[in-house]
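Text of my_file_38.txt (compact mmCIF, C-alpha atoms) as supplied:
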```txt
# COMPACT_ATOMS: atom_id res chain seq x y z
CA MET A 357 16.32 -36.03 -63.98
CA ILE A 358 18.37 -37.06 -60.96
CA GLN A 359 16.75 -37.95 -57.66
CA VAL A 360 18.76 -36.89 -54.61
CA LEU A 361 17.98 -38.36 -51.19
CA PHE A 362 19.06 -37.46 -47.65
CA PHE A 363 19.02 -39.68 -44.59
CA ALA A 364 19.37 -39.51 -40.83
CA HIS A 365 21.05 -36.42 -39.34
CA THR A 366 21.51 -34.88 -42.79
CA ARG A 367 17.78 -35.19 -43.57
CA GLN A 368 16.91 -33.75 -40.19
CA LEU A 369 19.28 -30.77 -40.50
CA LEU A 370 18.04 -29.91 -43.99
CA LYS A 371 14.40 -30.61 -43.12
CA SER A 372 14.17 -32.41 -46.46
CA ASP A 373 13.98 -36.00 -47.68
CA GLY A 374 15.53 -34.99 -50.97
CA VAL A 375 15.35 -32.97 -54.17
CA SER A 376 15.31 -33.49 -57.93
CA LEU A 377 17.94 -32.07 -60.26
CA ASP A 378 18.15 -31.76 -64.02
CA ALA A 379 20.90 -33.97 -65.40
CA GLU A 380 23.81 -32.27 -67.13
CA PRO A 381 26.65 -33.73 -69.18
CA GLY A 382 29.74 -34.61 -67.19
CA MET A 383 28.03 -34.68 -63.83
CA THR A 384 29.66 -36.50 -60.92
CA VAL A 385 28.55 -37.18 -57.38
CA GLN A 386 30.62 -34.14 -56.33
CA THR A 387 28.94 -31.79 -58.80
CA VAL A 388 25.55 -33.11 -57.67
CA LEU A 389 26.56 -32.32 -54.09
CA ASP A 390 27.70 -28.85 -55.12
CA SER A 391 24.37 -28.19 -56.86
CA VAL A 392 22.40 -29.46 -53.89
CA SER A 393 24.37 -27.30 -51.47
CA GLU A 394 23.21 -24.16 -53.27
CA ARG A 395 19.57 -25.05 -52.73
CA PHE A 396 19.62 -25.00 -48.94
CA ASP A 397 20.11 -21.89 -46.82
CA ASN A 398 21.06 -24.11 -43.88
CA TRP A 399 23.60 -26.21 -45.80
CA ASP A 400 26.41 -24.90 -43.56
CA LEU A 401 24.99 -27.08 -40.77
CA VAL A 402 25.87 -30.21 -42.76
CA ASP A 403 29.29 -31.80 -42.33
CA ALA A 404 29.62 -32.08 -46.09
CA ASP A 405 33.24 -33.24 -46.06
CA ASN A 406 32.28 -36.42 -44.25
CA LEU A 407 29.08 -37.29 -46.08
CA MET A 408 28.89 -40.77 -47.54
CA CYS A 409 27.27 -41.22 -50.93
CA ALA A 410 25.49 -43.95 -52.83
CA ARG A 411 24.59 -44.13 -56.52
CA ASN A 412 21.65 -46.40 -57.28
CA HIS A 413 21.95 -48.11 -53.88
CA THR A 414 25.70 -48.76 -54.04
CA LEU A 415 28.35 -46.85 -52.09
CA VAL A 416 30.51 -44.75 -54.40
CA THR A 417 33.21 -42.11 -54.32
CA ARG A 418 32.59 -38.51 -55.29
CA ASP A 419 34.29 -38.75 -58.67
CA THR A 420 31.70 -41.30 -59.82
CA ALA A 421 29.83 -40.27 -62.97
CA VAL A 422 26.12 -39.51 -62.69
CA ILE A 423 23.59 -39.77 -65.50
CA SER A 424 19.91 -39.05 -65.94
CA GLY A 425 17.73 -41.50 -64.06
CA ASP A 426 20.22 -42.04 -61.25
CA THR A 427 19.33 -41.90 -57.59
CA ILE A 428 22.06 -40.30 -55.49
CA ALA A 429 21.89 -40.53 -51.71
CA PHE A 430 23.90 -38.46 -49.23
CA PHE A 431 24.11 -39.44 -45.61
CA PRO A 432 26.34 -39.18 -42.54
CA PRO A 433 28.78 -41.97 -41.72
CA VAL A 434 26.73 -45.04 -40.84
CA THR A 435 26.29 -46.20 -37.25
CA GLY A 436 24.55 -49.56 -37.34
CA GLY A 437 25.56 -52.62 -35.41
CA MET B 1069 20.48 -76.70 -52.80
CA GLN B 1070 19.52 -74.68 -49.75
CA ASP B 1071 20.58 -71.04 -49.64
CA SER B 1072 23.72 -70.59 -47.53
CA VAL B 1073 23.03 -66.93 -46.64
CA TRP B 1074 20.37 -65.64 -44.26
CA ALA B 1075 20.22 -61.86 -44.56
CA ALA B 1076 17.38 -59.84 -43.09
CA VAL B 1077 16.32 -56.37 -42.00
CA GLN B 1078 13.34 -56.42 -39.70
CA THR B 1079 11.47 -54.56 -36.97
CA SER B 1080 10.65 -57.73 -35.05
CA ASP B 1081 12.91 -59.46 -32.55
CA PHE B 1082 14.85 -62.58 -33.53
CA ASP B 1083 15.43 -65.91 -31.84
CA VAL B 1084 19.12 -66.73 -31.50
CA GLY B 1085 18.30 -70.42 -31.12
CA THR B 1086 16.55 -70.52 -34.47
CA LEU B 1087 19.46 -68.77 -36.19
CA TYR B 1088 22.01 -71.04 -34.53
CA THR B 1089 20.07 -74.14 -35.51
CA TRP B 1090 20.03 -72.93 -39.11
CA LEU B 1091 23.78 -72.28 -39.03
CA ARG B 1092 24.42 -75.72 -37.59
CA GLY B 1093 22.40 -77.38 -40.34
CA ASP B 1094 21.62 -81.06 -40.27
CA SER B 1095 23.06 -84.31 -41.53
CA SER B 1096 21.64 -83.73 -45.01
CA CYS B 1097 24.10 -80.92 -45.69
CA ALA B 1098 27.84 -80.51 -45.36
CA THR B 1099 28.82 -80.06 -41.74
CA ASP B 1100 31.30 -77.37 -40.77
CA GLY B 1101 33.28 -77.87 -37.59
CA ALA B 1102 33.06 -74.29 -36.33
CA ILE B 1103 30.22 -71.86 -35.67
CA VAL B 1104 30.87 -68.31 -34.44
CA THR B 1105 28.04 -65.91 -33.62
CA PHE B 1106 27.72 -62.37 -32.30
CA THR B 1107 24.64 -60.67 -30.86
CA GLY B 1108 24.46 -56.91 -30.29
CA VAL B 1109 22.16 -55.56 -27.56
CA VAL B 1110 20.96 -52.01 -26.79
CA ARG B 1111 23.03 -50.51 -23.95
CA ASP B 1112 21.29 -48.69 -21.11
CA SER B 1113 23.74 -45.78 -21.01
CA ASN B 1114 26.51 -43.99 -22.85
CA ALA B 1115 29.34 -41.88 -21.41
CA GLN B 1116 27.04 -38.92 -20.81
CA ALA B 1117 23.50 -40.10 -20.27
CA SER B 1118 21.09 -42.80 -19.23
CA LEU B 1119 19.21 -44.24 -22.20
CA ARG B 1120 15.70 -45.60 -22.60
CA GLY B 1121 16.48 -47.02 -26.04
CA ILE B 1122 17.52 -46.26 -29.59
CA GLU B 1123 15.84 -45.61 -32.92
CA LEU B 1124 17.37 -47.13 -36.04
CA GLU B 1125 16.82 -45.50 -39.43
CA HIS B 1126 17.92 -47.14 -42.66
CA TYR B 1127 17.92 -46.68 -46.44
CA SER B 1128 15.29 -49.27 -47.19
CA GLU B 1129 16.08 -49.87 -50.88
CA MET B 1130 19.79 -50.34 -50.15
CA THR B 1131 20.11 -52.06 -46.80
CA LEU B 1132 19.11 -55.63 -47.61
CA PRO B 1133 21.02 -55.81 -50.92
CA ALA B 1134 24.06 -54.40 -49.12
CA LEU B 1135 23.77 -57.01 -46.37
CA ARG B 1136 23.51 -59.78 -48.97
CA GLN B 1137 26.58 -58.46 -50.74
CA LEU B 1138 28.47 -58.25 -47.46
CA ALA B 1139 27.56 -61.83 -46.62
CA ALA B 1140 28.66 -63.03 -50.06
CA THR B 1141 31.94 -61.16 -49.75
CA ALA B 1142 32.61 -62.75 -46.35
CA GLN B 1143 31.73 -66.20 -47.66
CA SER B 1144 34.11 -65.87 -50.54
CA ARG B 1145 36.96 -64.26 -48.63
CA PHE B 1146 36.99 -66.69 -45.68
CA SER B 1147 35.57 -69.77 -47.43
CA LEU B 1148 32.63 -69.79 -45.04
CA GLY B 1149 29.82 -72.30 -45.17
CA ARG B 1150 26.71 -70.59 -43.88
CA VAL B 1151 26.37 -66.92 -42.99
CA VAL B 1152 23.69 -65.02 -41.09
CA VAL B 1153 23.57 -61.24 -41.01
CA LEU B 1154 20.41 -59.80 -39.51
CA HIS B 1155 19.71 -56.25 -38.33
CA ARG B 1156 16.70 -54.73 -36.66
CA ILE B 1157 15.29 -51.27 -37.39
CA GLY B 1158 12.81 -48.96 -35.66
CA VAL B 1159 12.55 -48.14 -31.97
CA LEU B 1160 14.29 -50.58 -29.63
CA ALA B 1161 14.26 -50.39 -25.85
CA THR B 1162 17.36 -51.00 -23.74
CA HIS B 1163 18.41 -54.66 -23.52
CA GLU B 1164 16.64 -55.51 -26.78
CA GLN B 1165 18.62 -57.35 -29.43
CA ILE B 1166 19.81 -55.22 -32.36
CA VAL B 1167 21.99 -57.32 -34.60
CA PHE B 1168 23.12 -60.90 -35.14
CA VAL B 1169 25.91 -62.26 -37.29
CA GLY B 1170 26.99 -65.85 -37.59
CA ALA B 1171 29.50 -67.74 -39.68
CA THR B 1172 30.41 -71.38 -40.12
CA SER B 1173 33.61 -72.88 -41.48
CA PRO B 1174 35.51 -76.16 -41.36
CA HIS B 1175 37.87 -74.72 -38.70
CA ARG B 1176 37.50 -72.01 -36.07
CA GLN B 1177 39.86 -69.29 -37.27
CA ALA B 1178 37.97 -68.62 -40.49
CA ALA B 1179 34.68 -68.54 -38.60
CA PHE B 1180 36.07 -66.06 -36.04
CA ASP B 1181 37.56 -63.90 -38.80
CA GLY B 1182 34.40 -64.10 -40.89
CA ALA B 1183 32.15 -62.99 -38.02
CA GLN B 1184 34.55 -60.16 -37.11
CA PHE B 1185 34.70 -59.04 -40.74
CA LEU B 1186 30.90 -59.07 -41.00
CA MET B 1187 30.47 -56.86 -37.93
CA ASP B 1188 33.32 -54.47 -38.80
CA ARG B 1189 32.06 -53.93 -42.33
CA LEU B 1190 28.43 -53.76 -41.22
CA LYS B 1191 29.36 -50.86 -38.97
CA SER B 1192 31.16 -49.01 -41.78
CA ASP B 1193 29.27 -49.86 -44.99
CA ILE B 1194 25.60 -50.62 -44.31
CA PRO B 1195 23.20 -47.63 -44.40
CA LEU B 1196 21.86 -47.76 -40.86
CA TRP B 1197 21.87 -44.91 -38.37
CA LYS B 1198 21.29 -44.96 -34.62
CA LYS B 1199 19.60 -42.23 -32.66
CA GLU B 1200 19.88 -42.48 -28.89
CA LEU B 1201 16.71 -41.91 -26.90
CA HIS B 1202 17.72 -40.51 -23.53
CA SER B 1203 15.84 -41.17 -20.33
CA ASN B 1204 15.22 -37.43 -19.90
CA GLY B 1205 13.43 -37.25 -23.26
CA ASP B 1206 16.35 -35.86 -25.29
CA GLU B 1207 17.34 -37.50 -28.59
CA GLN B 1208 20.79 -37.56 -30.17
CA TRP B 1209 22.15 -39.06 -33.37
CA VAL B 1210 25.09 -41.36 -32.75
CA MET B 1211 28.27 -40.15 -34.44
CA ALA B 1212 30.50 -42.66 -36.21
CA LYS B 1213 33.51 -43.65 -34.14
CA THR B 1214 37.06 -43.53 -35.40
CA ARG B 1215 37.75 -46.93 -33.86
CA ASP B 1216 34.95 -48.44 -35.97
CA SER B 1217 36.33 -47.02 -39.21
CA LYS B 1218 39.81 -48.22 -38.26
CA ALA B 1219 38.43 -51.68 -37.52
CA ALA B 1220 36.87 -51.81 -40.98
CA GLN B 1221 40.00 -50.44 -42.67
CA ARG B 1222 42.06 -53.16 -41.05
CA TRP B 1223 40.47 -55.64 -43.45
CA ASP B 1224 41.45 -53.46 -46.42
CA SER B 1225 45.11 -53.59 -45.46
CA GLU B 1226 44.96 -57.31 -44.68
CA SER B 1227 43.47 -57.98 -48.10
CA GLN B 1228 46.66 -56.58 -49.63
CA THR B 1229 48.77 -59.29 -48.08
```

Exercise: express the given structure as C-alpha cells:
Amino acid sequence: MIQVLFFAHTRQLLKSDGVSLDAEPGMTVQTVLDSVSERFDNWDLVDADNLMCARNHTLVTRDTAVISGDTIAFFPPVTGG
Amino acid sequence: MQDSVWAAVQTSDFDVGTLYTWLRGDSSCATDGAIVTFTGVVRDSNAQASLRGIELEHYSEMTLPALRQLAATAQSRFSLGRVVVLHRIGVLATHEQIVFVGATSPHRQAAFDGAQFLMDRLKSDIPLWKKELHSNGDEQWVMAKTRDSKAAQRWDSESQT
C-alpha cells in the first residue's frame, strides 16, 4: 500500500487530505501522480505540472521509484519565509 | 559538546534576544567573530489588498527534519559555527514575527552568505505554505514567486564553481 498526501492549495482544491493506492511493480512518483489524477473529477483544477513531491518526507523528482509502504506527498511550490 | 544547530517549528512567538544570545555563545565555547541574523515579519498589505494576517500550513512530519538538514548543509558549505533556523506556523497577525535565521562564522562574509543561503533555500525547499487573510474577510493562497526560485537556484550554480 502507498499513502498519498496532499497539502495546502492542492488539498483544498481536491477536498481531500490524501488517498491510498495499491503498490505495483515499477511504480514511480509520476505513475503515482497519474493514478491519483484518475481518482478526482476535479483534478483539472490542479496545476499538476508544477506540483512538488516528497517521498518519505524528502523532496524527490518524479522519476523516483516508489515501493509498498512509501508515503508520497504532492503539494504546490512552497511559500514559507 | 553543545549542539550547534537550533532548528524549530512552533506556533508561539520567539524572542530575538534569546536567539542572538545563543548564537553569540559564551567564553566556554569557541567564539566566532561574525553573527548575521534575519527576521521575517508579516506585512500589512500586498499589491492588491490590505491584510489582517496570514495562516501558515506545513507538512508536520517533514518540516523540522528538513530544517535540520538545511541548517547542516549551510554549516558544512560555509563553515559556520552556530546556526538558528526557526519558523512559526498557524495564524499570525500583521507585524508578528514569522521566521528567524542566524549564522555565525569567524569572518563576516561566510555569515552573510550562510544566512542568505538559509533564507533562499527555506523559501524553496521547506514544506510551508502561506495563505493571506485579507481585511475584507477573503483568503488567498500565496503563489510561489519566480524571484524566490531564482534566488535559490543561484546557490546551485555557485556550487558548481

Determine which residues of chain A sit within 6 Å of chain B, taking into account only C-alpha atoms, and present them as an NGL selection string.
:A and (413 or 433-437)

Which residue, A:Gln359, A:Leu407, A:Leu369, A:Val375, has the smallest gap to Glu394 of chain A when you use all atoms listed in the file?
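Answer, going by the shortest atom-to-atom distance: A:Val375.
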
With all atoms listed in the file as the basis for distance, which of A:Asn412, A:Thr420, A:Asp403, A:Ala379 is at the shortest distance from His365 of chain A?
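Of the candidates, the smallest distance to His365 of chain A is held by A:Asp403.
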
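Nearest to Leu1148 of chain B of all the residues B:Ile1122, B:Val1104, B:Leu1087, B:Leu1135 is B:Val1104, based on all atoms listed in the file.
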
List every protein, DNA or RNA residue that has an atom no more than 9 Å from (26.1, -64.5, -47.2) in the file's coordinate frame, counting only C-alpha atoms, and report them as a VMD selection string.
chain B and resid 1071 to 1075 1135 to 1144 1148 to 1153 1171

Report the distance between atom CA of Cys409 of chain A and atom CA of Pro381 of chain A in Å, rounded to one decimal place.
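Distance between the two atoms: 19.7 Å.
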
Hey, what's within 10 Å of Asn406 of chain A if we count all atoms listed in the file and toss same-chain stuff fewer than 6 positions away? As a list in words, please?
Phe430, Phe431, Pro432 and Pro433 of chain A
